[in-house]
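This report concerns only the one structure given below.
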Amino acid sequence: QRHQQVIVNAYFGECQRLAQVLSQSASRVAVLPALRRRIDEYMTLLPGSRSVAPARHDQMPYRVFFTQVAERLRQTWDMRAGRYERAEQFRADLVLAAQSLLANHGANAGYQLVRRLLTRLDTFGFHLATLELKQHADVHHQVIAQGLDDARWLQRSGPERFERLAQMLTRDEGPLAPLDALGRRTLQVFEAALQGRSRMGERAIGSYVVADVRGPEDMLAPLVLARWAGAENAVLGEANLDFSPMFESAESLANAGQTMRQLLTEPNYAAHLRARGGPQNVLVGYSRGARDSGLLATRMTVFEAQRDIAQAVSDSGFQFVICHARGGNVARGGSRIDALAGAAPPESVTGVLRLTEQGETISQNYGLRANALRTLERAFGALAPTVLARKRGVSREAAATHDNVRWIADRSREVWRQRMMQDRGMADFFRAVTPIDVIERMQVGSRTIWEATPFGRGMLLAVRSTPWVFAWSQARYFAPGWFGAGAALTEGIERFGLEALRRASADWPFFSLLLADIESQLARADMDIAGHYVELASPPLRHHAQELREEYQRCCEAVLAIGGSTELLDQDRTQQRAIQLRNPYVDPMHLMQVDLLRRWRATARADEDLFSALLASVSGIAQGLQTTG
């Protein structure tokens with residue numbers, strides 16, 4: 001509703017300006033009879049508009065008309081009688097004015113101004129921004145368990161739940177037991193989505209994203225709940241929402257193709273997708289995998305997942321769009337926008353580029369008009385040749401190249417998990433040398449920063465990927481962007497030869513852009529500054545600092561050797577110079593933060609003044625480095 005008020009107010013101001021500019025006199029220029037009739041209708045429908053327009057304007061039909069339209073927009077903003085019920089009604093008025101101007105010598109006297117407003121309306125409607133909904137797959141299964149009164153539902157296997165849900169859809173079964181507060185709230189989301197579309201237009205509500213999809217049963221569950229909520233199109237008999245799976249973990253990404261194949265061959269879901277008439281939107285996530293497997297392995301897994309998804313959806317006879325659900329930092333997929341299209345498998349690029357933008361990247365990429373235009377140019381510059389390659393016949397990377405990089409990715413995952421996921425000492429070192437204890441008290445975000453992750457044979461309560469990456473950057477390690485890659489690339493050079501990896505970088509955009517991202521993170525890191533944070537750790541933990549330093553050195557040497565450079569970012573002088581210019585201003589803030597952390601922790605983290613100063617240091621360093629999680 002707030003979005004609607006913002007955009008309607010913008011249209012209101014534009015119509016007032018048009019009423020001032022379009023001052024053609026009826027004694028000199030004719031208007032279409034249909035426009036004259038509309039003015040007369042509004043005289044009755046909007047009697048208040050007479051008091052707004054002076055009597056001397058009575059012989060200026062366009063000025064009177066746009067005054068009336070502005071008044072009707074005012075009624076829309078206030079949600080009063082006489083308002084525009086739909087954006088299409090407003091559009092019909094604008095089209096009528098445009099046609100009248102074009103037919104009566106107004107092609108260069110107002111027509112283009114009205115066309116510009118029409119373009120804005122076609123872009124923003126009465127909703128301004130499409131709202132997508134997102135819910136975790138486990139929540140849907142909890143509600144299903146309540147509705148079926150099945151205490152063992154969550155313990156049942158994926159295929160068993162898939163078969164039962166498909167059966168419920170075929171038979172149109174409703175809930176067998178009353179729902180608790182969670183169940184009722186979940187169903188109310190579907191109802192609210194339909195109400196939003198009814199009031200603000202179809203485009204006001206976008207996809208219903210199902211987070212952490214691990215199997216096809218996770219997509220049938222919300223379809224069942226939509227039917228329980230009565231969120232159906234009466235004509236089509238199908239749920240009036242588009243459902244989009246989001247594959248996040250390394251395991252779910254690896255199985256994404258098979259999951260989509262099983263889902264799209266299920267008759268009920270296939271019928272729903274055909275009834276909706278649009279492409280199947282699929283989200284691939286970078287954050288969870290990067291937290292559990294490291295950057296290099298995650299990028300490889302996402303690349304292969306896109307290829308598998310494209311093949312599975314195409315084989316099922318449907319169209320698709322892949323959305324990159326990435327974070328702001330490179331370690332969470334936040335590389336340059338052109339890298340997303342340039343590094344994707346050509347067969348997965350359909351001519352549509354969808355991605356998430358977070359944190360400081362929104363301001364950097366779109367805050368200024370010139371930056372926004374440059375971002376758009378980069379996207380088109382990478383998307384166009386990729387689409388062309390697909391139309392001309394998809395060019396795949398050489399099998400040997402793919403196998404070599406796959407081996408390196410697997411090796412990096414082993415190194416990463418051995419240290420970052422299975423070594424409790426490294427977890428303790430992380431908590432000591434980073435300001436994570438400050439970040440966890442910042443009360444930002446919509447959920448807790450903790451989540452359960454596998455550890456050995458059990459589970460460990462670990463920091464979520466966003467604050468985890470953020471904390472590493474505050475200490476200038478940027479470890480999530482390069483750790484594991486150093487050992488893997490070094491061993492890869494020994495195993496396959498330096499020339500083979502150089503050819504892979506030259507011939508395969510995915511690999512070259514991946515190395516560029518790793519190199520950018522190495523350049524942002526500073527082991528000397530990080531060394532000051534090591535002083536915050538107890539002596540038994542400090543050997544981890546040496547491990548990180550050695551891995552950093554290995555990664556630098558391997559990346560420079562493959563790229564044939566002598567210094568980091570020699571191939572990107574702009575970024576290299578930007579880092580060199582800002583570091584002298586950021587480095588003192590790091591030293592201040594180390595001192596504040598030492599003093600604050602000495603007070604058992606109870607000194608509020610020191611905590612306030614730490615918050616300022618965290619914000620200052622993040623802005624100086626232009627990076628968050």
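So you can find residues: chains in the structure tokens are A, B, ... in the order shown, residues in each start at 1, and ligands are numbered from 1 in order.
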Applying 10 Å and only C-alpha atoms, which residues near range 429-443 of chain A remain after dropping the ones on its own chain fewer than 2 positions away? List them as a PyMOL selection string. chain A and resi 420+424-427+445-450+463+467-477+530-538+540-545+593-594+597+600-601+605+611-612+614-615+618
I need the strand (DSSP E or B) residues of range 155-230 of chain A per DSSP on the backbone, written as a PyMOL selection string. chain A and resi 205-211
May I have the residues from that selection written out with all heavy atoms, as a compact mmCIF listing (two decimals), in the first residue's frame?
```txt
# COMPACT_ATOMS: atom_id res chain seq x y z
N ILE A 205 2.24 -8.66 -6.94
CA ILE A 205 2.78 -9.84 -6.26
C ILE A 205 3.47 -10.72 -7.28
O ILE A 205 2.87 -11.10 -8.29
CB ILE A 205 1.67 -10.63 -5.54
CG1 ILE A 205 0.91 -9.73 -4.56
CG2 ILE A 205 2.27 -11.83 -4.81
CD1 ILE A 205 1.77 -9.20 -3.42
N GLY A 206 4.73 -11.04 -7.03
CA GLY A 206 5.49 -11.88 -7.94
C GLY A 206 5.48 -13.33 -7.51
O GLY A 206 4.46 -13.86 -7.07
N SER A 207 6.61 -13.97 -7.57
CA SER A 207 6.71 -15.39 -7.26
C SER A 207 6.64 -15.65 -5.76
O SER A 207 7.02 -14.81 -4.95
CB SER A 207 8.03 -15.96 -7.80
OG SER A 207 8.06 -15.93 -9.20
N TYR A 208 6.16 -16.83 -5.43
CA TYR A 208 6.22 -17.33 -4.06
C TYR A 208 7.45 -18.24 -4.01
O TYR A 208 7.44 -19.33 -4.57
CB TYR A 208 4.95 -18.10 -3.73
CG TYR A 208 4.84 -18.55 -2.29
CD1 TYR A 208 4.03 -17.86 -1.39
CD2 TYR A 208 5.53 -19.66 -1.82
CE1 TYR A 208 3.92 -18.27 -0.07
CE2 TYR A 208 5.43 -20.07 -0.52
CZ TYR A 208 4.62 -19.37 0.36
OH TYR A 208 4.52 -19.78 1.67
N VAL A 209 8.51 -17.74 -3.38
CA VAL A 209 9.79 -18.45 -3.37
C VAL A 209 9.81 -19.45 -2.22
O VAL A 209 9.56 -19.09 -1.06
CB VAL A 209 10.96 -17.47 -3.23
CG1 VAL A 209 12.29 -18.22 -3.17
CG2 VAL A 209 10.95 -16.48 -4.39
N VAL A 210 10.10 -20.69 -2.53
CA VAL A 210 10.23 -21.75 -1.53
C VAL A 210 11.72 -21.92 -1.25
O VAL A 210 12.47 -22.41 -2.11
CB VAL A 210 9.60 -23.06 -2.01
CG1 VAL A 210 9.67 -24.12 -0.91
CG2 VAL A 210 8.16 -22.83 -2.44
N ALA A 211 12.16 -21.52 -0.07
CA ALA A 211 13.58 -21.54 0.26
C ALA A 211 14.03 -22.93 0.69
O ALA A 211 13.27 -23.69 1.28
CB ALA A 211 13.87 -20.53 1.37
```
Find the residues of range 519-577 of chain A that sit at most 12 Å from range 291-306 of chain A; for each, write down the nearest two atoms and how far apart they are in Å, to one decimal. Count only C-alpha atoms. Sort by chain, then by number going up, and give it as JSON lines.
```
{"residue": "A:Glu519", "atom": "CA", "partner": "A:Leu296", "partner_atom": "CA", "distance": 11.9}
{"residue": "A:Gln521", "atom": "CA", "partner": "A:Leu295", "partner_atom": "CA", "distance": 10.8}
{"residue": "A:Cys555", "atom": "CA", "partner": "A:Leu296", "partner_atom": "CA", "distance": 11.8}
```
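Within 7 Å of range 99-106 of chain A, once only C-alpha atoms are used and residues closer than 6 positions along the same chain are dropped, the contacting residues are Val29, Ala30, Val31 and Leu32 of chain A.
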Residue neighbourhood Gly351 in chain A, 8 Å, only C-alpha atoms, exclusion window fewer than 4 positions, as an MDAnalysis selection string: chainID A and resid 383:384 387
Assign secondary structure with DSSP using the backbone only, and return the residues of range 9-109 of chain A in helix (DSSP H, G or I) as an NGL selection string. :A and (9-21 or 33-45 or 49-52 or 55-57 or 61-78 or 87-103)
Need to verify the contact set: Pro584 in chain A, 12 Å, only C-alpha atoms, exclusion of same-chain residues closer than 6 positions in sequence. Can you return it as a list in words? Asp526, Ile529, Ala578, His590, Leu591, Ile621, Gly624 and Leu625 of chain A
Put those residues in a file: all heavy atoms, as a PDB file, in the first residue's frame.
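Full text of selection08.pdb as output:
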```pdb
ATOM      1  N   ASP A 526      44.589  -7.965   3.813  1.00  0.00           N
ATOM      2  CA  ASP A 526      45.853  -7.387   4.245  1.00  0.00           C
ATOM      3  C   ASP A 526      46.333  -8.175   5.454  1.00  0.00           C
ATOM      4  O   ASP A 526      45.812  -8.007   6.558  1.00  0.00           O
ATOM      5  CB  ASP A 526      45.678  -5.911   4.592  1.00  0.00           C
ATOM      6  CG  ASP A 526      47.013  -5.197   4.814  1.00  0.00           C
ATOM      7  OD1 ASP A 526      47.881  -5.772   5.487  1.00  0.00           O
ATOM      8  OD2 ASP A 526      47.158  -4.059   4.321  1.00  0.00           O
ATOM      9  N   ILE A 529      47.557  -5.994   8.511  1.00  0.00           N
ATOM     10  CA  ILE A 529      46.473  -5.485   9.355  1.00  0.00           C
ATOM     11  C   ILE A 529      45.834  -6.629  10.133  1.00  0.00           C
ATOM     12  O   ILE A 529      45.538  -6.513  11.330  1.00  0.00           O
ATOM     13  CB  ILE A 529      45.415  -4.761   8.499  1.00  0.00           C
ATOM     14  CG1 ILE A 529      46.004  -3.490   7.892  1.00  0.00           C
ATOM     15  CG2 ILE A 529      44.175  -4.431   9.323  1.00  0.00           C
ATOM     16  CD1 ILE A 529      46.378  -2.428   8.895  1.00  0.00           C
ATOM     17  N   ALA A 578      41.882   1.927  -6.778  1.00  0.00           N
ATOM     18  CA  ALA A 578      40.875   2.273  -5.769  1.00  0.00           C
ATOM     19  C   ALA A 578      41.259   1.716  -4.401  1.00  0.00           C
ATOM     20  O   ALA A 578      41.132   2.397  -3.374  1.00  0.00           O
ATOM     21  CB  ALA A 578      39.506   1.752  -6.195  1.00  0.00           C
ATOM     22  N   HIS A 590      41.065   0.171  11.634  1.00  0.00           N
ATOM     23  CA  HIS A 590      41.292  -1.200  12.089  1.00  0.00           C
ATOM     24  C   HIS A 590      42.068  -1.210  13.405  1.00  0.00           C
ATOM     25  O   HIS A 590      41.721  -1.951  14.334  1.00  0.00           O
ATOM     26  CB  HIS A 590      42.067  -1.981  11.028  1.00  0.00           C
ATOM     27  CG  HIS A 590      41.263  -2.351   9.824  1.00  0.00           C
ATOM     28  ND1 HIS A 590      40.286  -3.321   9.846  1.00  0.00           N
ATOM     29  CD2 HIS A 590      41.292  -1.864   8.560  1.00  0.00           C
ATOM     30  CE1 HIS A 590      39.758  -3.430   8.636  1.00  0.00           C
ATOM     31  NE2 HIS A 590      40.346  -2.558   7.842  1.00  0.00           N
ATOM     32  N   LEU A 591      43.110  -0.403  13.483  1.00  0.00           N
ATOM     33  CA  LEU A 591      43.921  -0.359  14.709  1.00  0.00           C
ATOM     34  C   LEU A 591      43.077   0.137  15.884  1.00  0.00           C
ATOM     35  O   LEU A 591      43.199  -0.371  17.008  1.00  0.00           O
ATOM     36  CB  LEU A 591      45.135   0.538  14.487  1.00  0.00           C
ATOM     37  CG  LEU A 591      46.060   0.146  13.320  1.00  0.00           C
ATOM     38  CD1 LEU A 591      47.234   1.097  13.223  1.00  0.00           C
ATOM     39  CD2 LEU A 591      46.542  -1.289  13.469  1.00  0.00           C
ATOM     40  N   ILE A 621      34.509   0.959   8.853  1.00  0.00           N
ATOM     41  CA  ILE A 621      35.337   0.025   8.087  1.00  0.00           C
ATOM     42  C   ILE A 621      34.545  -0.546   6.909  1.00  0.00           C
ATOM     43  O   ILE A 621      35.069  -0.685   5.799  1.00  0.00           O
ATOM     44  CB  ILE A 621      35.868  -1.091   9.000  1.00  0.00           C
ATOM     45  CG1 ILE A 621      36.896  -0.520   9.981  1.00  0.00           C
ATOM     46  CG2 ILE A 621      36.484  -2.224   8.184  1.00  0.00           C
ATOM     47  CD1 ILE A 621      37.334  -1.493  11.057  1.00  0.00           C
ATOM     48  N   GLY A 624      34.368   2.091   4.325  1.00  0.00           N
ATOM     49  CA  GLY A 624      35.678   2.328   3.730  1.00  0.00           C
ATOM     50  C   GLY A 624      36.089   1.229   2.772  1.00  0.00           C
ATOM     51  O   GLY A 624      36.647   1.493   1.699  1.00  0.00           O
ATOM     52  N   LEU A 625      35.816  -0.017   3.144  1.00  0.00           N
ATOM     53  CA  LEU A 625      36.150  -1.154   2.286  1.00  0.00           C
ATOM     54  C   LEU A 625      35.107  -1.398   1.211  1.00  0.00           C
ATOM     55  O   LEU A 625      35.309  -2.207   0.307  1.00  0.00           O
ATOM     56  CB  LEU A 625      36.308  -2.425   3.133  1.00  0.00           C
ATOM     57  CG  LEU A 625      37.448  -2.445   4.150  1.00  0.00           C
ATOM     58  CD1 LEU A 625      37.415  -3.739   4.952  1.00  0.00           C
ATOM     59  CD2 LEU A 625      38.794  -2.298   3.446  1.00  0.00           C
TER      60      LEU A 625
END
```
Pick the closest to Leu113 in chain A from A:Ala561, A:Phe162, A:Pro47, A:Leu22: which is it, counting only C-alpha atoms? A:Leu22
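Taking CA of Val352 in chain A and CA of Ala256 in chain A as the two end points, the separation is 20.0 Å.
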